[in-house]
Amino acid sequence: MWLAAAAPSLARRLLFLGPPPPPLLLRLLSRSSRRRRRRLHSLGLAAMPEKRPFERLPADVSPINYSLCLKPDLLDFTFEGKLEAAAQVRQATNQIVMNCADIDIITASYAPEGDEEIHATGFNYQNEDEKVTLSFPSTLQTGTGTLKIDFVGELNDKMKGFYRSKYTTPSGEVRYAAVTQFENVIDRKPYPDDENVVEVKFARTPVMSTYLVAFVVGEYDFVETRSKDGVCVRVYTPVGKAEQGKFALEVAAKTLPFYKDYFNVPYPLPKIDLIAIADFAAGAMENWGLVTYRETALLIDPKNSCSSSRQWVALVVGHELAHQWFGNLVTMEWWTHLWLNEGFASWIEYLCVDHCFPEYDIWTQFVSADYTRAQELDALDNSHPIEVSVGHPAEVDEIFDAISYSKGASVIRMLHDYIGDKDFKKGMNMYLTKFQQKNAATEDLWESLENASGKPIAAVMNTWTKQMGFPLIYVEAEQVEDDRLLRLSQRKFCASGPYVGEDCPQWMVPITISTSEDPNHAKLKILMDKPEMNVVLKNVKPDQWVKLNLGTVGFYRTQYSSAMLESLLPGIRDLSLPPVDRLGLQNDLFSLARAGIISTVEVLKVMEAFVNEPNYTVWSDLSCNLGILSTLLSHTDFYEEIQEFVKDVFSPIGERLGWDPKPGEGHLDALLRGLVLGKLGKAGHKATLEEARRRFKDHVEGKQILSADLRSPVYLTVLKHGDGTTLDIMLKLHKQADMQEEKNRIERVLGATLSPELIQKVLTFALSEEVRPQDTVSVIGGVAGGSKHGRKAAWKFIKDNWEELYNRYQGGFLISRLIKLSVEGFAVDKMAGEVKAFFESHPAPSAERTIQQCCENILLNAAWLKRDAESIHQYLLQRKASPPTA
């Protein structure tokens with residue numbers, strides 16, 4: 001599954017085994033943050049609440065094969081279903097316990113092989129645990145037989161289970177498709193007989209997990225090709241939009257042979273279908289042979305899609321097709337191992353895109369998009385280990401987050417680098433071959449990789465997957481004749497400040513060290529398996545810099561001594577440090593400042609050293625961090641001063657790029673131009689604002705249509721500095737847009753408007769029929785992130801409309817995302833208490849961990865503001881008085 005910013009969960013098969021998990025235990029903080037810990041305790045935020053006990057299904061009856069017949073009614077939005085399952089009674093019983101949600105069973109019977117049917121006399125539904133118990137009047141003896149069930153259900157509008165998806169035909173008629181999303185639904189809901197019904201029959205599948213079953217009933221066009229391995233590849237699009245499926249078709253046709261070669265295991269099915277669904281909660285879902293996608297994750301218009309959309313489609317296709325092997329051919333044994341499925345796919349999607357589109361420089365983008373995002377979340381007290389003991393399936397939505405996906409991907413990237421590509425591929429082949437069409441656990445993968453590499457994989461990786469957090473490596477250096485002596489020490493990195501506790505966790509850390517003599521290659525690789533160690537680098541001259549974590553591959557942050565840091569900074573200005581290392585150095589410093597370990601002013605000084613920076617991803621990370629700082633300082637009376645700083649930092653690169661592409665420019669130049677112009681426009685850069693208004697006017701009047709890559713920055717700029725007329729024009733453009741990508745582009749920037757009255761108009765629009773249910777979250781989140789007033793208005797709107805929002809998303813992961821986007825920008829202690837109090841009286845079980853994390857972040861923001869606001873203000877005033885020279 002690919003999250004459209006985040007995602008749902010996974011269930012294995014009809015019957016489950018295993019005891020309930022132990023409660024999650026959280027580690028105590030250091031003495032340095034105990035005052036904040038007391039504050040957390042006073043708000044009740046220091047520990048996750050205990051989960052209710054849950055038992056997996058008994059093992060006395062297990063399925064062998066399912067035969068399903070389904071009759072959906074797209075007028076009444078209901079369906080009828082018949083199940084005939086070959087089953088084996090392993091232990092005599094008079095009950096069969098199954099998963100079941102939102103289905104009414106009409107009749108059920110069991111027929112032992114060669115014997116008469118025994119009809120069930122009772123159905124006991126346990127709705128909270130999504131189970132049903134079928135009771136029989138006599139004992140079912142051991143052996144094989146056939147279970148038959150007739151049932152009915154509703155085609156719901158909740159984007160889960162078997163549901164209806166609304167779309168509009170080219171002629172403007174509203175119609176519905178019936179589609180499935182089973183990954184976070186325990187029961188596989190649907191599985192006919194009048195003469196007007198067309199019956200479609202499908203071939204028997206390979207052995208597979210039932211959450212991977214999918215079917216879609218609706219009107220679609222398609223494009224098709226064959227991969228070089230002979231697999232039929234089709235991309236299904238809305239009627240009239242087949243052209244928009246060609247890019248994904250090209251990516252899929254390249255991707256299947258790439259994975260076949262990488263895993264040395266053939267794609268196990270004769271075909272693969274990719275289909276665009278109008279209403280879809282996640283980004284995509286890896287159903288075996290029929291992968292479902294949001295329209296924006298699959299469709300690309302050659303003229304009207306921007307470069308970032310092409311890149312996103314390539315990554316999502318790469319992610320889902322990786323699952324056809326890793327997750328589908330071999331499925332994890334239980335939700336505890338969810339990270340293995342999603343973390344692995346989130347890593348290898350980049351490997352695949354790098355193969356298909358080397359010009360994307362995608363691995364540098366990985367560091368900004370996944371690696372640093374995971375570290376930001378994992379530094380919190382309310383993070384969780386990669387491997388979380390999952391009991392009740394209701395808990396699963398909580399772990400569809402940046403830890404399972406992005407940290408999972410990051411530690412696999414680190415592991416791949418530690419093992420080496422050759423042995424990693426060998427181990428993957430061993431794992432997939434041994435466990436194909438079976439279930440496996442994390443330990444099974446470690447064993448295969450260990451056998452392939454001869455390295456202590458389990459010992460190393462257990463320190464990364466079974467405990468939350470990651471290390472901060474402190475390093476200082478001493479010149480000893482012709483050599484450099486490095487003293488390394490590791491402590492847990494905490495968002496709240498230095499960890500000083502006595503029970504500090506330890507990691508086995510693969511560390512690479514480079515020098516200015518050869519910045520792109522490691523001079524030394526070591527495994528740091530203790531709290532402190534000394535390392536000698538031979539033949540390093542006194543004037544050479546030394547850097548840890550080449551390529552920003554190791555999942556740790558680095559704090560250098562003052563002298564070492566000073567020697568590295570010229571490498572930012574003269575670009576002798578590789579781009580991904582410039583990014584990593586800046587990001588580490590920013591995080592150290594947020595945690596109060598260094599001053600924020602020191603980071604602002606380093607940011608000014610990026611005046612010559614040409615790399616898109618480095619600018620993207622700088623932009624993100626300055627955005628975080630701007631949001632923080634929106635709580636002060638000197639917000640405009642930080643906007644002046646933003647304009648000073650981004651103006652030189654903006655002038656070099658200009659508004660129009662130059663001959664020879666490519667994908668990354670287009671991304672960089674959109675990023676920089678958007679940043680300057682939002683900050684109120686006069687020349688950018690004037691040009692954005694001119695181009696927007698020409699676009700609206702049809703004189704000169706904006707290129708797709710310029711639309712987001714121009715829309716954002718004119719809205720931020722516009723009025724009610726501007727907003728009305730944007731809403732008109734939204735209504736007229738035929739592409740969902742364009743609608744989403746507009747929805748994401750509407751919150752930039754500043755007028756309280758217009759903000760309310762945008763929030764009302766978010767819940768209107770004009771916005772697809774999965775996109776409402778982006779509109780409200782955009783308002784919350786747009787301004788200080790927007791943040792307050794969005795939070796009030798969520799409280800006022802909570803019942804409707806919660807019912808709409810049924811407690812799924814979109815609720816977590818909505819909460820996070822809406823409250824993460826607050827920086828006043830009392831807001832943490834207000835957020836906590838609201839959700840105590842309005843429970844959101846699937847978002848409990850997110851709520852804890854949000855409240856913790858609010859307190860961290862408040863502490864950061866109190867600690868550094870005045871020094872930041874003084875620095876900005878000094879800059880204004882005597883601007884720095886380039």
# chains A, B, ... in the order shown; residues from 1 in each chain; ligands from 1
>>> residues_around(residues="segment 709-720 of chain A", least_positions_apart="3", cutoff="10 Å", atoms="only C-alpha atoms", output="JSON, numbers by chain")
{"A": [304, 305, 306, 307, 308, 309, 659, 660, 670, 671, 672, 673, 674, 675, 676, 677, 678, 679, 680, 681, 682, 683, 684, 685, 688, 689, 690, 691, 692, 693, 694, 695, 696, 697, 699, 705, 706, 723, 724, 725, 726, 727, 729, 730, 742, 745, 746, 748, 749, 750, 751, 752, 753, 754, 755, 786, 787]}
>>> residues_around(residues="Glu116 of chain A", least_positions_apart="6", cutoff="12 Å", atoms="only C-alpha atoms", output="list in words")
Ser109, Tyr110, Leu140, Gly145, Thr146 and Leu147 of chain A
>>> write_last_selection(atoms="C-alpha atoms", output="PDB file, in the first residue's frame")
ATOM      1  CA  SER A 109     -24.084 -24.703   6.316  1.00  0.00           C
ATOM      2  CA  TYR A 110     -21.221 -27.147   6.444  1.00  0.00           C
ATOM      3  CA  LEU A 140     -18.249 -31.152  12.932  1.00  0.00           C
ATOM      4  CA  GLY A 145     -15.811 -30.443   3.702  1.00  0.00           C
ATOM      5  CA  THR A 146     -17.573 -27.452   2.178  1.00  0.00           C
ATOM      6  CA  LEU A 147     -18.694 -24.336   4.031  1.00  0.00           C
TER       7      LEU A 147
END
>>> closest_residue(among="A:Phe590, A:Phe797, A:Trp312, A:Trp464", to="Cys624 of chain A", atoms="only C-alpha atoms")
A:Phe590
>>> closest_residue(among="A:His416, A:Lys271, A:His789, A:Lys830", to="Glu757 of chain A", atoms="only C-alpha atoms")
A:His789
>>> select_by_dssp(residues="segment 358-565 of chain A", states="alpha helix (DSSP H)", output="VMD selection string")
chain A and resid 362 to 366 372 to 378 408 to 419 421 to 435 442 to 453 457 to 465 562 to 565
>>> residues_around(residues="Ile419 of chain A", least_positions_apart="3", cutoff="12 Å", atoms="only C-alpha atoms", output="ChimeraX atom specification")
/A:412-416,422-428,446,449-457,460-461,510,525,527
>>> residues_around(residues="Cys494 of chain A", least_positions_apart="2", cutoff="6 Å", atoms="only C-alpha atoms", output="PDB file with N, CA, C and O atoms, in the first residue's frame")
ATOM      1  N   ALA A 379      12.209  10.800  16.956  1.00  0.00           N
ATOM      2  CA  ALA A 379      12.871  11.470  18.078  1.00  0.00           C
ATOM      3  C   ALA A 379      11.900  11.772  19.216  1.00  0.00           C
ATOM      4  O   ALA A 379      12.313  12.198  20.295  1.00  0.00           O
ATOM      5  N   SER A 496      13.549  16.390  22.737  1.00  0.00           N
ATOM      6  CA  SER A 496      13.449  17.261  23.904  1.00  0.00           C
ATOM      7  C   SER A 496      14.802  17.717  24.444  1.00  0.00           C
ATOM      8  O   SER A 496      14.858  18.494  25.380  1.00  0.00           O
ATOM      9  N   GLY A 497      15.883  17.233  23.859  1.00  0.00           N
ATOM     10  CA  GLY A 497      17.198  17.642  24.343  1.00  0.00           C
ATOM     11  C   GLY A 497      18.083  16.454  24.664  1.00  0.00           C
ATOM     12  O   GLY A 497      17.714  15.300  24.422  1.00  0.00           O
TER      13      GLY A 497
END
>>> closest_residue(among="A:Arg656, A:Arg226, A:Lys761, A:His635", to="Lys788 of chain A", atoms="only C-alpha atoms")
A:His635
>>> closest_residue(among="A:His319, A:Lys246, A:His873, A:His667", to="Thr600 of chain A", atoms="only C-alpha atoms")
A:His873
>>> atom_distance(atom1="atom CA of Ala101 of chain A", atom2="atom CA of Val132 of chain A")
8.5 Å
>>> select_by_dssp(residues="segment 378-627 of chain A", states="strand (DSSP E or B)", output="MDAnalysis selection string")
chainID A and resid 438:440 471:480 483:492 509:515 524:528 532:537 546:548 557:560
>>> residues_around(residues="His323 of chain A", least_positions_apart="3", cutoff="9 Å", atoms="only C-alpha atoms", output="ChimeraX atom specification")
/A:1,286-288,318-320,326-330,341-342,344-345
>>> residues_around(residues="Gly153 of chain A", least_positions_apart="3", cutoff="6 Å", atoms="only C-alpha atoms", output="PyMOL selection string")
chain A and resi 78-79+103
>>> closest_residue(among="A:Gln490, A:Gln774, A:Ser846, A:Gln479", to="Met564 of chain A", atoms="only C-alpha atoms")
A:Gln479
>>> residues_around(residues="Gly825 of chain A", least_positions_apart="5", cutoff="10 Å", atoms="only C-alpha atoms", output="list of chain:residue names")
A:Ile628, A:Thr631, A:Leu632, A:Ser634, A:His635, A:Ala784, A:Gly785, A:Ser787, A:Lys788, A:Arg791, A:Lys792, A:Lys820, A:Cys854, A:Asn857, A:Ile858, A:Asn861
>>> write_last_selection(atoms="N, CA and C atoms", output="PDB file, in the first residue's frame")
ATOM      1  N   ILE A 628       9.154  25.264   8.744  1.00  0.00           N
ATOM      2  CA  ILE A 628       8.904  24.903  10.146  1.00  0.00           C
ATOM      3  C   ILE A 628       9.214  26.086  11.060  1.00  0.00           C
ATOM      4  N   THR A 631       6.580  28.843  10.666  1.00  0.00           N
ATOM      5  CA  THR A 631       5.359  28.509  11.404  1.00  0.00           C
ATOM      6  C   THR A 631       5.542  28.787  12.889  1.00  0.00           C
ATOM      7  N   LEU A 632       6.696  28.421  13.426  1.00  0.00           N
ATOM      8  CA  LEU A 632       6.979  28.684  14.835  1.00  0.00           C
ATOM      9  C   LEU A 632       6.929  30.179  15.131  1.00  0.00           C
ATOM     10  N   SER A 634       5.394  32.460  13.582  1.00  0.00           N
ATOM     11  CA  SER A 634       4.101  33.106  13.366  1.00  0.00           C
ATOM     12  C   SER A 634       3.426  33.397  14.699  1.00  0.00           C
ATOM     13  N   HIS A 635       3.945  32.791  15.762  1.00  0.00           N
ATOM     14  CA  HIS A 635       3.427  33.044  17.111  1.00  0.00           C
ATOM     15  C   HIS A 635       4.076  34.272  17.751  1.00  0.00           C
ATOM     16  N   ALA A 784      -4.926  25.109   7.938  1.00  0.00           N
ATOM     17  CA  ALA A 784      -4.181  25.101   9.200  1.00  0.00           C
ATOM     18  C   ALA A 784      -2.736  25.516   9.006  1.00  0.00           C
ATOM     19  N   GLY A 785      -2.146  25.156   7.866  1.00  0.00           N
ATOM     20  CA  GLY A 785      -0.755  25.491   7.611  1.00  0.00           C
ATOM     21  C   GLY A 785      -0.554  26.833   6.941  1.00  0.00           C
ATOM     22  N   SER A 787      -1.698  30.044   7.884  1.00  0.00           N
ATOM     23  CA  SER A 787      -1.488  31.238   8.701  1.00  0.00           C
ATOM     24  C   SER A 787      -1.866  30.941  10.141  1.00  0.00           C
ATOM     25  N   LYS A 788      -1.527  31.861  11.021  1.00  0.00           N
ATOM     26  CA  LYS A 788      -1.873  31.715  12.434  1.00  0.00           C
ATOM     27  C   LYS A 788      -3.385  31.687  12.609  1.00  0.00           C
ATOM     28  N   ARG A 791      -4.840  28.411  11.319  1.00  0.00           N
ATOM     29  CA  ARG A 791      -4.626  27.288  12.236  1.00  0.00           C
ATOM     30  C   ARG A 791      -5.744  27.240  13.292  1.00  0.00           C
ATOM     31  N   LYS A 792      -6.060  28.383  13.868  1.00  0.00           N
ATOM     32  CA  LYS A 792      -7.116  28.430  14.883  1.00  0.00           C
ATOM     33  C   LYS A 792      -8.478  28.102  14.270  1.00  0.00           C
ATOM     34  N   LYS A 820      -3.164  15.530  12.622  1.00  0.00           N
ATOM     35  CA  LYS A 820      -1.769  15.981  12.570  1.00  0.00           C
ATOM     36  C   LYS A 820      -1.630  17.299  11.812  1.00  0.00           C
ATOM     37  N   CYS A 854       1.141  14.632  18.536  1.00  0.00           N
ATOM     38  CA  CYS A 854       0.816  16.031  18.272  1.00  0.00           C
ATOM     39  C   CYS A 854       0.934  16.880  19.535  1.00  0.00           C
ATOM     40  N   ASN A 857       4.509  17.413  20.337  1.00  0.00           N
ATOM     41  CA  ASN A 857       5.113  18.398  19.443  1.00  0.00           C
ATOM     42  C   ASN A 857       4.715  19.821  19.798  1.00  0.00           C
ATOM     43  N   ILE A 858       3.474  20.005  20.233  1.00  0.00           N
ATOM     44  CA  ILE A 858       3.047  21.346  20.657  1.00  0.00           C
ATOM     45  C   ILE A 858       3.897  21.825  21.823  1.00  0.00           C
ATOM     46  N   ASN A 861       7.357  22.676  20.578  1.00  0.00           N
ATOM     47  CA  ASN A 861       7.356  23.970  19.898  1.00  0.00           C
ATOM     48  C   ASN A 861       7.351  25.116  20.899  1.00  0.00           C
TER      49      ASN A 861
END
>>> closest_residue(among="A:Leu75, A:Val390, A:Val762, A:Ala314", to="Gly245 of chain A", atoms="only C-alpha atoms")
A:Ala314
>>> atom_distance(atom1="atom CA of Gln126 of chain A", atom2="atom CA of Phe151 of chain A")
16.6 Å
>>> atom_distance(atom1="atom CA of Arg294 of chain A", atom2="atom CA of His384 of chain A")
28.7 Å
>>> decode(residues="segment 477-501 of chain A", atoms="N, CA and C atoms", output="PDB file, in the first residue's frame")
ATOM      1  N   ALA A 477      37.846  15.345  16.921  1.00  0.00           N
ATOM      2  CA  ALA A 477      39.046  14.862  16.225  1.00  0.00           C
ATOM      3  C   ALA A 477      40.302  15.481  16.798  1.00  0.00           C
ATOM      4  N   GLU A 478      41.385  14.740  16.639  1.00  0.00           N
ATOM      5  CA  GLU A 478      42.712  15.221  17.073  1.00  0.00           C
ATOM      6  C   GLU A 478      43.741  14.782  16.027  1.00  0.00           C
ATOM      7  N   GLN A 479      44.568  15.722  15.596  1.00  0.00           N
ATOM      8  CA  GLN A 479      45.615  15.385  14.630  1.00  0.00           C
ATOM      9  C   GLN A 479      46.786  14.765  15.386  1.00  0.00           C
ATOM     10  N   VAL A 480      47.195  13.577  14.987  1.00  0.00           N
ATOM     11  CA  VAL A 480      48.336  12.891  15.596  1.00  0.00           C
ATOM     12  C   VAL A 480      49.320  12.581  14.479  1.00  0.00           C
ATOM     13  N   GLU A 481      50.297  13.482  14.334  1.00  0.00           N
ATOM     14  CA  GLU A 481      51.267  13.394  13.236  1.00  0.00           C
ATOM     15  C   GLU A 481      50.526  13.384  11.890  1.00  0.00           C
ATOM     16  N   ASP A 482      50.661  12.315  11.113  1.00  0.00           N
ATOM     17  CA  ASP A 482      50.006  12.283   9.799  1.00  0.00           C
ATOM     18  C   ASP A 482      48.615  11.649   9.834  1.00  0.00           C
ATOM     19  N   ASP A 483      48.146  11.311  11.031  1.00  0.00           N
ATOM     20  CA  ASP A 483      46.874  10.616  11.149  1.00  0.00           C
ATOM     21  C   ASP A 483      45.847  11.483  11.889  1.00  0.00           C
ATOM     22  N   ARG A 484      44.575  11.113  11.742  1.00  0.00           N
ATOM     23  CA  ARG A 484      43.504  11.809  12.461  1.00  0.00           C
ATOM     24  C   ARG A 484      42.837  10.817  13.411  1.00  0.00           C
ATOM     25  N   LEU A 485      42.857  11.147  14.705  1.00  0.00           N
ATOM     26  CA  LEU A 485      42.209  10.324  15.719  1.00  0.00           C
ATOM     27  C   LEU A 485      40.794  10.855  15.955  1.00  0.00           C
ATOM     28  N   LEU A 486      39.799   9.981  15.782  1.00  0.00           N
ATOM     29  CA  LEU A 486      38.418  10.362  16.023  1.00  0.00           C
ATOM     30  C   LEU A 486      37.913   9.679  17.277  1.00  0.00           C
ATOM     31  N   ARG A 487      37.254  10.446  18.128  1.00  0.00           N
ATOM     32  CA  ARG A 487      36.605   9.890  19.313  1.00  0.00           C
ATOM     33  C   ARG A 487      35.092   9.946  19.099  1.00  0.00           C
ATOM     34  N   LEU A 488      34.467   8.781  19.062  1.00  0.00           N
ATOM     35  CA  LEU A 488      33.035   8.678  18.796  1.00  0.00           C
ATOM     36  C   LEU A 488      32.290   8.225  20.043  1.00  0.00           C
ATOM     37  N   SER A 489      31.116   8.782  20.253  1.00  0.00           N
ATOM     38  CA  SER A 489      30.248   8.285  21.321  1.00  0.00           C
ATOM     39  C   SER A 489      28.813   8.370  20.839  1.00  0.00           C
ATOM     40  N   GLN A 490      27.968   7.424  21.277  1.00  0.00           N
ATOM     41  CA  GLN A 490      26.563   7.419  20.867  1.00  0.00           C
ATOM     42  C   GLN A 490      25.641   7.526  22.064  1.00  0.00           C
ATOM     43  N   ARG A 491      24.597   8.352  21.897  1.00  0.00           N
ATOM     44  CA  ARG A 491      23.508   8.471  22.862  1.00  0.00           C
ATOM     45  C   ARG A 491      22.213   8.570  22.077  1.00  0.00           C
ATOM     46  N   LYS A 492      21.105   8.211  22.700  1.00  0.00           N
ATOM     47  CA  LYS A 492      19.816   8.327  22.023  1.00  0.00           C
ATOM     48  C   LYS A 492      19.523   9.796  21.710  1.00  0.00           C
ATOM     49  N   PHE A 493      19.081  10.060  20.486  1.00  0.00           N
ATOM     50  CA  PHE A 493      18.704  11.419  20.117  1.00  0.00           C
ATOM     51  C   PHE A 493      17.256  11.664  20.518  1.00  0.00           C
ATOM     52  N   CYS A 494      17.010  12.726  21.293  1.00  0.00           N
ATOM     53  CA  CYS A 494      15.661  13.052  21.752  1.00  0.00           C
ATOM     54  C   CYS A 494      15.278  14.448  21.273  1.00  0.00           C
ATOM     55  N   ALA A 495      14.053  14.588  20.800  1.00  0.00           N
ATOM     56  CA  ALA A 495      13.575  15.891  20.356  1.00  0.00           C
ATOM     57  C   ALA A 495      13.538  16.894  21.495  1.00  0.00           C
ATOM     58  N   SER A 496      13.549  16.390  22.737  1.00  0.00           N
ATOM     59  CA  SER A 496      13.449  17.261  23.904  1.00  0.00           C
ATOM     60  C   SER A 496      14.802  17.717  24.444  1.00  0.00           C
ATOM     61  N   GLY A 497      15.883  17.233  23.859  1.00  0.00           N
ATOM     62  CA  GLY A 497      17.198  17.642  24.343  1.00  0.00           C
ATOM     63  C   GLY A 497      18.083  16.454  24.664  1.00  0.00           C
ATOM     64  N   PRO A 498      19.277  16.706  25.206  1.00  0.00           N
ATOM     65  CA  PRO A 498      20.249  15.621  25.441  1.00  0.00           C
ATOM     66  C   PRO A 498      19.685  14.526  26.340  1.00  0.00           C
ATOM     67  N   TYR A 499      19.950  13.285  25.976  1.00  0.00           N
ATOM     68  CA  TYR A 499      19.552  12.136  26.793  1.00  0.00           C
ATOM     69  C   TYR A 499      20.623  11.915  27.854  1.00  0.00           C
ATOM     70  N   VAL A 500      20.202  11.958  29.124  1.00  0.00           N
ATOM     71  CA  VAL A 500      21.180  11.837  30.200  1.00  0.00           C
ATOM     72  C   VAL A 500      20.866  10.653  31.106  1.00  0.00           C
ATOM     73  N   GLY A 501      19.872   9.858  30.756  1.00  0.00           N
ATOM     74  CA  GLY A 501      19.471   8.750  31.610  1.00  0.00           C
ATOM     75  C   GLY A 501      20.534   7.666  31.694  1.00  0.00           C
TER      76      GLY A 501
END
